[in-house]
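A.B. asks: I'd like to ask you about the structure that follows.
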Amino acid sequence: MPYRYIGPADIAARAFPAGRPIRSRADFTAWYSGADHRDPLFTYVVTTDGVLRVAPRRSEHVACAAGADVLAAGEIGFDPSGRVVEVTNQSTGYCPDPSCWPAVAAALDAAGLPHPGGFTSTFVFGHCPVCGHLNLIKDDDYTCAVCGTALA
Ligand SMILES: [Zn+2]
């Protein structure tokens, strides 16, 4: 099921370049050799056409996806051979459920990039219905970090 961007509209409206599509090992090599590796993690999305798109970590996921709905989103890190060493569903713009992993795996398989077979870290998101805070749920603590409202 595609995820729609739910973050702040001012971020969505900014004209960042879209993420780089990685459809093959050759795409990966061409992108990775020119990427900035001071931060080992990158922003990624899987767009509804099943393609992995990557961008510098400072990029918003919605920019990486060019404003489109996504099948998955988060952060990803590679070794120089193209093996995925870290991959998460951490995207406060799309709040993808950890169950979106098969879309990530399919996009990586299509590009010929080995992966760990699941997220290396997973996040669950919960919008507080009272104060609006977007909570990152850890350790099954389903209470709002700001106002203490029960989230589930
Ligand atoms: Zn709250």
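Just remember, in the structure tokens the first chain shown is A, the second B, etc., residues are 1-based per chain, and ligands are 1-based in the order shown.
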Write out as a PyMOL selection string the residues lying within 8 Å of Leu134 in chain A, counting only C-alpha atoms and excluding same-chain residues fewer than 4 positions away.
C.D. replies: chain A and resi 92+125-128
A.B. asks: Next, write the just-selected residues to a file, as an mmCIF file, in the first residue's frame, keeping C-alpha atoms as the atom set.
C.D. replies:
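Once written, out_19.cif looks like this:
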```cif
data_model
loop_
_atom_site.group_PDB
_atom_site.id
_atom_site.type_symbol
_atom_site.label_atom_id
_atom_site.label_comp_id
_atom_site.auth_asym_id
_atom_site.auth_seq_id
_atom_site.Cartn_x
_atom_site.Cartn_y
_atom_site.Cartn_z
ATOM 1 C CA THR A 92 8.915 11.080 9.617
ATOM 2 C CA PHE A 125 5.347 6.149 14.318
ATOM 3 C CA GLY A 126 2.408 7.569 16.212
ATOM 4 C CA HIS A 127 0.786 10.963 15.784
ATOM 5 C CA CYS A 128 -0.627 12.246 19.080
#
```
A.B. asks: Within 9 Å of ligand 1 (counting only C-alpha atoms and all ligand atoms), which residues show up? I'd like them as an MDAnalysis selection string.
C.D. replies: chainID A and resid 127:135 143:151
A.B. asks: Just to be explicit: take each residue in the selection above, keep all heavy atoms, and write the result as a CSV table (one decimal), in the first residue's frame.
C.D. replies:
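Dumped everything to part23.csv:
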```csv
chain,number,residue,atom,x,y,z
A,127,HIS,N,1.2,9.6,15.6
A,127,HIS,CA,0.8,11.0,15.8
A,127,HIS,C,-0.1,11.1,17.0
A,127,HIS,O,-1.1,10.4,17.2
A,127,HIS,CB,0.0,11.5,14.6
A,127,HIS,CG,0.9,12.2,13.6
A,127,HIS,ND1,1.2,11.7,12.3
A,127,HIS,CD2,1.5,13.4,13.7
A,127,HIS,CE1,2.0,12.6,11.7
A,127,HIS,NE2,2.2,13.6,12.5
A,128,CYS,N,0.2,12.0,17.9
A,128,CYS,CA,-0.6,12.2,19.1
A,128,CYS,C,-1.9,13.0,18.7
A,128,CYS,O,-1.8,14.0,18.1
A,128,CYS,CB,0.1,13.1,20.1
A,128,CYS,SG,-0.9,13.4,21.5
A,129,PRO,N,-3.1,12.4,19.0
A,129,PRO,CA,-4.3,13.0,18.6
A,129,PRO,C,-4.6,14.3,19.4
A,129,PRO,O,-5.5,15.1,19.0
A,129,PRO,CB,-5.4,11.9,18.9
A,129,PRO,CG,-4.8,11.1,19.9
A,129,PRO,CD,-3.3,11.1,19.7
A,130,VAL,N,-3.9,14.5,20.5
A,130,VAL,CA,-4.2,15.6,21.4
A,130,VAL,C,-3.3,16.8,21.1
A,130,VAL,O,-3.8,17.9,20.8
A,130,VAL,CB,-4.0,15.2,22.9
A,130,VAL,CG1,-4.2,16.4,23.8
A,130,VAL,CG2,-5.0,14.1,23.2
A,131,CYS,N,-2.0,16.6,21.0
A,131,CYS,CA,-1.1,17.7,20.8
A,131,CYS,C,-0.4,17.7,19.4
A,131,CYS,O,0.2,18.7,19.1
A,131,CYS,CB,0.0,17.7,21.9
A,131,CYS,SG,1.3,16.4,21.7
A,132,GLY,N,-0.6,16.6,18.7
A,132,GLY,CA,-0.1,16.6,17.3
A,132,GLY,C,1.3,16.2,17.2
A,132,GLY,O,1.9,16.1,16.0
A,133,HIS,N,2.0,15.9,18.3
A,133,HIS,CA,3.4,15.5,18.2
A,133,HIS,C,3.6,14.2,17.5
A,133,HIS,O,2.8,13.3,17.7
A,133,HIS,CB,4.0,15.4,19.6
A,133,HIS,CG,5.4,15.0,19.7
A,133,HIS,ND1,6.4,15.9,19.3
A,133,HIS,CD2,6.0,13.9,20.0
A,133,HIS,CE1,7.6,15.2,19.4
A,133,HIS,NE2,7.4,14.0,19.9
A,134,LEU,N,4.6,14.1,16.6
A,134,LEU,CA,4.9,12.9,15.9
A,134,LEU,C,5.9,12.1,16.8
A,134,LEU,O,7.0,12.5,16.9
A,134,LEU,CB,5.4,13.1,14.5
A,134,LEU,CG,5.9,11.8,13.8
A,134,LEU,CD1,4.7,10.9,13.6
A,134,LEU,CD2,6.5,12.2,12.4
A,135,ASN,N,5.4,11.0,17.3
A,135,ASN,CA,6.2,10.2,18.2
A,135,ASN,C,6.9,9.0,17.5
A,135,ASN,O,6.2,8.4,16.6
A,135,ASN,CB,5.4,9.6,19.3
A,135,ASN,CG,4.9,10.6,20.3
A,135,ASN,OD1,5.6,10.9,21.3
A,135,ASN,ND2,3.7,11.2,20.1
A,143,THR,N,3.0,6.0,24.5
A,143,THR,CA,2.5,7.2,25.1
A,143,THR,C,3.2,8.4,24.5
A,143,THR,O,4.4,8.3,24.1
A,143,THR,CB,2.7,7.3,26.6
A,143,THR,OG1,4.1,7.0,26.9
A,143,THR,CG2,1.9,6.2,27.4
A,144,CYS,N,2.5,9.5,24.3
A,144,CYS,CA,3.0,10.7,23.7
A,144,CYS,C,4.1,11.2,24.6
A,144,CYS,O,4.0,11.5,25.8
A,144,CYS,CB,2.0,11.7,23.5
A,144,CYS,SG,2.6,13.3,22.8
A,145,ALA,N,5.3,11.5,24.0
A,145,ALA,CA,6.5,12.0,24.7
A,145,ALA,C,6.2,13.4,25.2
A,145,ALA,O,6.9,13.8,26.1
A,145,ALA,CB,7.7,11.9,23.8
A,146,VAL,N,5.3,14.1,24.6
A,146,VAL,CA,5.1,15.5,25.0
A,146,VAL,C,4.0,15.6,26.0
A,146,VAL,O,4.2,16.3,27.1
A,146,VAL,CB,4.7,16.4,23.7
A,146,VAL,CG1,4.3,17.8,24.1
A,146,VAL,CG2,5.9,16.4,22.8
A,147,CYS,N,2.9,15.0,25.8
A,147,CYS,CA,1.7,15.2,26.7
A,147,CYS,C,1.3,14.0,27.4
A,147,CYS,O,0.4,14.1,28.3
A,147,CYS,CB,0.6,15.9,26.0
A,147,CYS,SG,-0.3,14.8,24.9
A,148,GLY,N,1.8,12.8,27.1
A,148,GLY,CA,1.5,11.6,27.9
A,148,GLY,C,0.2,10.9,27.5
A,148,GLY,O,-0.1,9.9,28.0
A,149,THR,N,-0.4,11.4,26.4
A,149,THR,CA,-1.6,10.7,25.9
A,149,THR,C,-1.3,9.3,25.4
A,149,THR,O,-0.2,9.1,24.7
A,149,THR,CB,-2.2,11.5,24.7
A,149,THR,OG1,-2.6,12.8,25.2
A,149,THR,CG2,-3.5,10.8,24.2
A,150,ALA,N,-2.1,8.3,25.7
A,150,ALA,CA,-2.0,7.0,25.1
A,150,ALA,C,-2.2,7.0,23.6
A,150,ALA,O,-3.2,7.6,23.2
A,150,ALA,CB,-2.9,6.0,25.8
A,151,LEU,N,-1.3,6.4,22.9
A,151,LEU,CA,-1.4,6.5,21.4
A,151,LEU,C,-2.1,5.3,20.8
A,151,LEU,O,-2.4,5.3,19.6
A,151,LEU,CB,0.0,6.6,20.8
A,151,LEU,CG,0.7,7.9,21.2
A,151,LEU,CD1,2.2,7.9,20.7
A,151,LEU,CD2,0.0,9.2,20.8
```
A.B. asks: Any chance you could list, as an NGL selection string, the residues in chain A that come up strand (DSSP E or B) when DSSP is run on the backbone?
C.D. replies: :A and (3 or 20-22 or 42-47 or 52-56 or 70-78 or 84-88 or 121 or 124-127 or 134-137 or 143 or 150)
A.B. asks: Restricting the calculation to only C-alpha atoms: of A:Ser59, A:Pro80, A:Ala9, A:Gly117, which residue gets closest to Gly34 in chain A?
C.D. replies: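 Ranked by minimum distance to Gly34 in chain A, first place goes to A:Pro80.
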A.B. asks: Using only C-alpha atoms, pick whichever of A:Asp79, A:Asp36, A:Glu60, A:Asp69 has the shortest atom-to-atom distance to Pro17 in chain A.
C.D. replies: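 Of A:Asp79, A:Asp36, A:Glu60, A:Asp69, the one nearest Pro17 in chain A is A:Glu60, counting only C-alpha atoms.
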A.B. asks: Nearest residue to Pro102 in chain A out of A:Ala26, A:Ile6, A:Ala152, A:Met1, using only C-alpha atoms?
C.D. replies: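 For Pro102 in chain A, the nearest of the candidates is A:Met1.
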A.B. asks: Which of chain A counts as helix (DSSP H, G or I) under DSSP, as a PyMOL selection string please?
C.D. replies: chain A and resi 9-13+25-34+61-64+98-111
A.B. asks: Could you save those same residues with C-alpha atoms as a CSV table (one decimal), in the first residue's frame?
C.D. replies:
```csv
chain,number,residue,atom,x,y,z
A,9,ALA,CA,3.7,21.4,3.6
A,10,ASP,CA,6.5,24.0,3.5
A,11,ILE,CA,9.0,21.2,3.1
A,12,ALA,CA,6.9,19.5,0.4
A,13,ALA,CA,6.8,22.7,-1.5
A,25,ARG,CA,24.6,-2.4,-10.2
A,26,ALA,CA,25.9,0.0,-12.9
A,27,ASP,CA,23.5,2.7,-11.6
A,28,PHE,CA,24.8,2.1,-8.1
A,29,THR,CA,28.4,2.3,-9.1
A,30,ALA,CA,27.9,5.5,-11.1
A,31,TRP,CA,26.1,7.1,-8.2
A,32,TYR,CA,28.2,5.8,-5.4
A,33,SER,CA,31.5,6.9,-6.9
A,34,GLY,CA,30.3,10.5,-7.0
A,61,HIS,CA,12.1,12.0,1.8
A,62,VAL,CA,9.4,13.9,0.0
A,63,ALA,CA,12.1,15.6,-2.2
A,64,CYS,CA,13.8,12.2,-2.9
A,98,PRO,CA,8.0,-1.9,9.2
A,99,SER,CA,5.8,-4.2,7.0
A,100,CYS,CA,7.0,-2.2,3.9
A,101,TRP,CA,10.2,-4.3,3.9
A,102,PRO,CA,9.2,-6.5,0.9
A,103,ALA,CA,9.1,-3.4,-1.3
A,104,VAL,CA,12.6,-2.5,-0.2
A,105,ALA,CA,13.9,-6.0,-0.8
A,106,ALA,CA,12.2,-6.2,-4.2
A,107,ALA,CA,13.8,-2.9,-5.3
A,108,LEU,CA,17.3,-4.0,-4.0
A,109,ASP,CA,16.9,-7.4,-5.7
A,110,ALA,CA,15.9,-5.7,-9.0
A,111,ALA,CA,19.1,-3.6,-8.8
```
A.B. asks: Quick one: pull the distance between CA of Phe78 in chain A and CA of Gly50 in chain A, Å, one decimal.
C.D. replies: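 CA of Gly50 in chain A lies 19.1 Å from CA of Phe78 in chain A.
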A.B. asks: For Ser121 in chain A, list every protein, DNA or RNA residue within 9 Å, evaluated using only C-alpha atoms, and leave out those in the same chain fewer than 4 positions away; present the list as an MDAnalysis selection string.
C.D. replies: chainID A and resid 86:90
A.B. asks: Enter the distance from CA of Arg20 in chain A to CA of Leu113 in chain A, in Å, rounded to one decimal.
C.D. replies: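 Spanning CA of Arg20 in chain A to CA of Leu113 in chain A is a straight-line distance of 15.2 Å.
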A.B. asks: Name the closest residue to Pro114 in chain A among the candidates A:Gly67, A:Gly77, A:Gly82, A:Gly7; distances are taken between atoms, counting only C-alpha atoms.
C.D. replies: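 Going through A:Gly67, A:Gly77, A:Gly82, A:Gly7 one by one, the smallest distance to Pro114 in chain A is for A:Gly82.
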